[in-house]
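What follows is a short report on a single structure.
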Amino acid sequence: MHEAAVGLLAIVLAGPTGVQASESVAPEAPSFELAKGTNEIGLWGGGASSVSTIGGLDRAETEGRRVGLLSFRYGRVLLRREMFALEYFADLIPFAVETNTIVVADDGSGAFVRRTAYGAGMAPLGGRIVFRPGSRVKPFVGASGGFLLFNEEVPLPRANKLAWTGDAEAGVQIWTERRSSFTLGLRFHHISNANTGDVNPGLNAFVFFAGFSLFR
């Protein structure tokens, strides 16, 4: 009788622990899913330590030139498949810089001098393919088009202060557990005036960039 009472007491005491164990929920695994309809808000910036002679500039005209860009980005996933996702994006560029631009001197002599040109603009036509959309590390390729308005004629005198841009990019997104990502990549950055100036040399640079984005 005594042994039965002790056994019953042990079951009663163990009961709540057993219920709690059965009702405990495993921690939810973080989601790295890039689903259709996902919105991206991000910031990226980058620079190039030199520009290319591809596009019409000779070696002397590219000497000492540097390119820098800072941009806000909005994106939205339009299509999702098992192996890739298609995302539209638009860039708002509040700051662009192109150093050692060749311009006409202000003293009326007609001599050429070098100055830094500053600009701003946007690239509303952008799209990229993001591979492995369900994984934490997502490679991507993309392209965009838009314009930049500079305070000097770029890249040479008698070109235009308004330049049209065409960029191609490739890189990788590294997602965190809070549905944000760090981005590293390389952009082929092209500007020209589409023959709206007296001369139309293209300025081309390979821009290394990094960014941070939130996805909701």
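Chain labels follow the order of the structure tokens: the first chain is A, the next B, and so on; residue numbering restarts at 1 in every chain, and ligands are counted from 1 in their shown order.
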For the strand (DSSP E) assignment from backbone DSSP, which residues of region 43-89 of chain A qualify? Please present them as a PDB file with C-alpha atoms, in the first residue's frame.
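Output contents, as saved in part-v1.pdb:
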```pdb
ATOM      1  CA  LEU A  43      21.805  51.483 -49.802  1.00  0.00           C
ATOM      2  CA  TRP A  44      24.967  50.834 -51.791  1.00  0.00           C
ATOM      3  CA  GLY A  45      28.123  52.684 -52.691  1.00  0.00           C
ATOM      4  CA  GLY A  46      31.261  52.029 -54.646  1.00  0.00           C
ATOM      5  CA  GLY A  47      34.156  53.385 -56.588  1.00  0.00           C
ATOM      6  CA  ALA A  48      36.703  52.794 -59.328  1.00  0.00           C
ATOM      7  CA  VAL A  67      34.635  57.383 -60.172  1.00  0.00           C
ATOM      8  CA  GLY A  68      32.452  57.231 -57.069  1.00  0.00           C
ATOM      9  CA  LEU A  69      28.738  56.459 -56.650  1.00  0.00           C
ATOM     10  CA  LEU A  70      26.265  56.403 -53.751  1.00  0.00           C
ATOM     11  CA  SER A  71      22.720  55.141 -54.262  1.00  0.00           C
ATOM     12  CA  PHE A  72      19.468  54.271 -52.534  1.00  0.00           C
ATOM     13  CA  ARG A  73      17.660  51.261 -54.004  1.00  0.00           C
ATOM     14  CA  TYR A  74      14.091  50.034 -54.106  1.00  0.00           C
ATOM     15  CA  GLY A  75      13.362  46.576 -55.494  1.00  0.00           C
ATOM     16  CA  ARG A  76      10.440  44.171 -55.831  1.00  0.00           C
ATOM     17  CA  VAL A  77      10.468  40.495 -56.750  1.00  0.00           C
ATOM     18  CA  LEU A  78       8.258  39.936 -59.799  1.00  0.00           C
ATOM     19  CA  LEU A  79       8.830  36.241 -60.427  1.00  0.00           C
ATOM     20  CA  ARG A  80       9.971  33.302 -58.305  1.00  0.00           C
ATOM     21  CA  PHE A  84      16.027  31.846 -59.567  1.00  0.00           C
ATOM     22  CA  ALA A  85      13.970  34.969 -58.883  1.00  0.00           C
ATOM     23  CA  LEU A  86      13.472  38.022 -61.128  1.00  0.00           C
ATOM     24  CA  GLU A  87      13.615  41.392 -59.368  1.00  0.00           C
ATOM     25  CA  TYR A  88      12.845  44.898 -60.637  1.00  0.00           C
ATOM     26  CA  PHE A  89      14.850  47.691 -59.020  1.00  0.00           C
TER      27      PHE A  89
END
```
Give me the residues within 7 Å of Thr99 (chain A) as a PyMOL selection string, counting only C-alpha atoms and dropping any in the same chain fewer than 3 places off. chain A and resi 65-67+115-117
Take the residues from that selection and write them out as an mmCIF file, in the first residue's frame, keeping N, CA and C atoms.
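See out29.cif below for the written result:
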```cif
data_model
loop_
_atom_site.group_PDB
_atom_site.id
_atom_site.type_symbol
_atom_site.label_atom_id
_atom_site.label_comp_id
_atom_site.auth_asym_id
_atom_site.auth_seq_id
_atom_site.Cartn_x
_atom_site.Cartn_y
_atom_site.Cartn_z
ATOM 1 N N ARG A 65 41.840 59.661 -63.402
ATOM 2 C CA ARG A 65 40.384 59.742 -63.174
ATOM 3 C C ARG A 65 39.924 58.689 -62.184
ATOM 4 N N ARG A 66 38.965 59.088 -61.350
ATOM 5 C CA ARG A 66 38.339 58.197 -60.370
ATOM 6 C C ARG A 66 36.830 58.378 -60.471
ATOM 7 N N VAL A 67 36.098 57.346 -60.133
ATOM 8 C CA VAL A 67 34.635 57.383 -60.172
ATOM 9 C C VAL A 67 34.095 56.925 -58.829
ATOM 10 N N ARG A 115 39.292 69.256 -63.336
ATOM 11 C CA ARG A 115 38.524 69.516 -62.121
ATOM 12 C C ARG A 115 37.701 68.281 -61.770
ATOM 13 N N THR A 116 37.167 68.280 -60.562
ATOM 14 C CA THR A 116 36.259 67.215 -60.135
ATOM 15 C C THR A 116 34.833 67.597 -60.491
ATOM 16 N N ALA A 117 34.140 66.682 -61.136
ATOM 17 C CA ALA A 117 32.738 66.899 -61.500
ATOM 18 C C ALA A 117 31.847 66.148 -60.519
#
```
Which residues are close to Asn193 (chain A), i.e. within 9 Å by only C-alpha atoms, leaving aside same-chain residues fewer than 5 positions away? Reply as an MDAnalysis selection string. chainID A and resid 154 159:165 199:202
Keeping only N, CA and C atoms, write the selected residues to a file as a CSV table (one decimal), in the first residue's frame.
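Done, and the output landed in again_3.csv:
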```csv
chain,number,residue,atom,x,y,z
A,154,VAL,N,31.0,66.3,-69.0
A,154,VAL,CA,31.6,65.0,-68.7
A,154,VAL,C,31.5,64.1,-69.9
A,159,ALA,N,31.2,68.0,-74.5
A,159,ALA,CA,30.2,66.9,-74.3
A,159,ALA,C,29.0,67.5,-73.7
A,160,ASN,N,28.4,66.9,-72.7
A,160,ASN,CA,27.2,67.4,-72.1
A,160,ASN,C,27.3,67.2,-70.6
A,161,LYS,N,26.6,68.1,-69.8
A,161,LYS,CA,26.5,67.9,-68.4
A,161,LYS,C,25.5,66.8,-68.1
A,162,LEU,N,24.5,66.6,-69.0
A,162,LEU,CA,23.6,65.5,-68.8
A,162,LEU,C,24.1,64.3,-69.5
A,163,ALA,N,24.3,63.2,-68.7
A,163,ALA,CA,24.9,62.0,-69.2
A,163,ALA,C,23.9,60.8,-69.0
A,164,TRP,N,23.8,60.0,-69.9
A,164,TRP,CA,22.9,58.8,-69.8
A,164,TRP,C,23.8,57.6,-69.3
A,165,THR,N,23.2,56.8,-68.5
A,165,THR,CA,24.0,55.7,-67.9
A,165,THR,C,23.5,54.3,-68.3
A,199,VAL,N,30.5,66.4,-78.9
A,199,VAL,CA,31.3,65.2,-78.9
A,199,VAL,C,30.7,64.2,-78.0
A,200,ASN,N,30.9,62.9,-78.2
A,200,ASN,CA,30.2,61.9,-77.4
A,200,ASN,C,31.2,60.7,-77.0
A,201,PRO,N,32.3,61.0,-76.3
A,201,PRO,CA,33.1,59.9,-75.9
A,201,PRO,C,32.4,59.2,-74.7
A,202,GLY,N,32.5,57.9,-74.6
A,202,GLY,CA,32.0,57.2,-73.5
A,202,GLY,C,33.0,57.1,-72.3
```
Pick out the residues sitting within 7 Å of region 136-142 of chain A, and hand them over as a PyMOL selection string; count only C-alpha atoms, and ignore anything fewer than 5 positions along from it in its own chain. chain A and resi 32+127-131+168-175
Taking into account only C-alpha atoms, which residue in the set A:Ile93, A:Thr62, A:Ala111, A:Arg158 is nearest to Thr196 (chain A)?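 Closest residue, counting only C-alpha atoms: A:Arg158.
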Distance query region 54-57 of chain A at most 10 Å, only C-alpha atoms, self and fewer than 2 positions along chain excluded, as a CSV table (one decimal) with C-alpha atoms, in the first residue's frame:
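And here is the file that came out, around07.csv:
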```csv
chain,number,residue,atom,x,y,z
A,51,VAL,CA,38.6,54.4,-66.0
A,52,SER,CA,38.9,52.5,-69.2
A,59,ARG,CA,45.2,57.1,-72.3
A,60,ALA,CA,46.1,60.7,-71.5
A,61,GLU,CA,42.4,61.6,-71.1
A,62,THR,CA,41.9,58.8,-68.6
A,63,GLU,CA,44.9,59.7,-66.5
A,155,PRO,CA,34.0,63.5,-69.7
A,156,LEU,CA,35.4,66.1,-72.1
A,190,HIS,CA,29.0,53.5,-68.6
A,191,ILE,CA,28.1,57.1,-69.2
A,192,SER,CA,27.7,59.0,-72.5
A,200,ASN,CA,30.2,61.9,-77.4
A,201,PRO,CA,33.1,59.9,-75.9
A,202,GLY,CA,32.0,57.2,-73.5
A,203,LEU,CA,33.4,57.0,-70.0
A,204,ASN,CA,33.6,53.4,-68.7
A,205,ALA,CA,34.7,52.1,-65.3
```
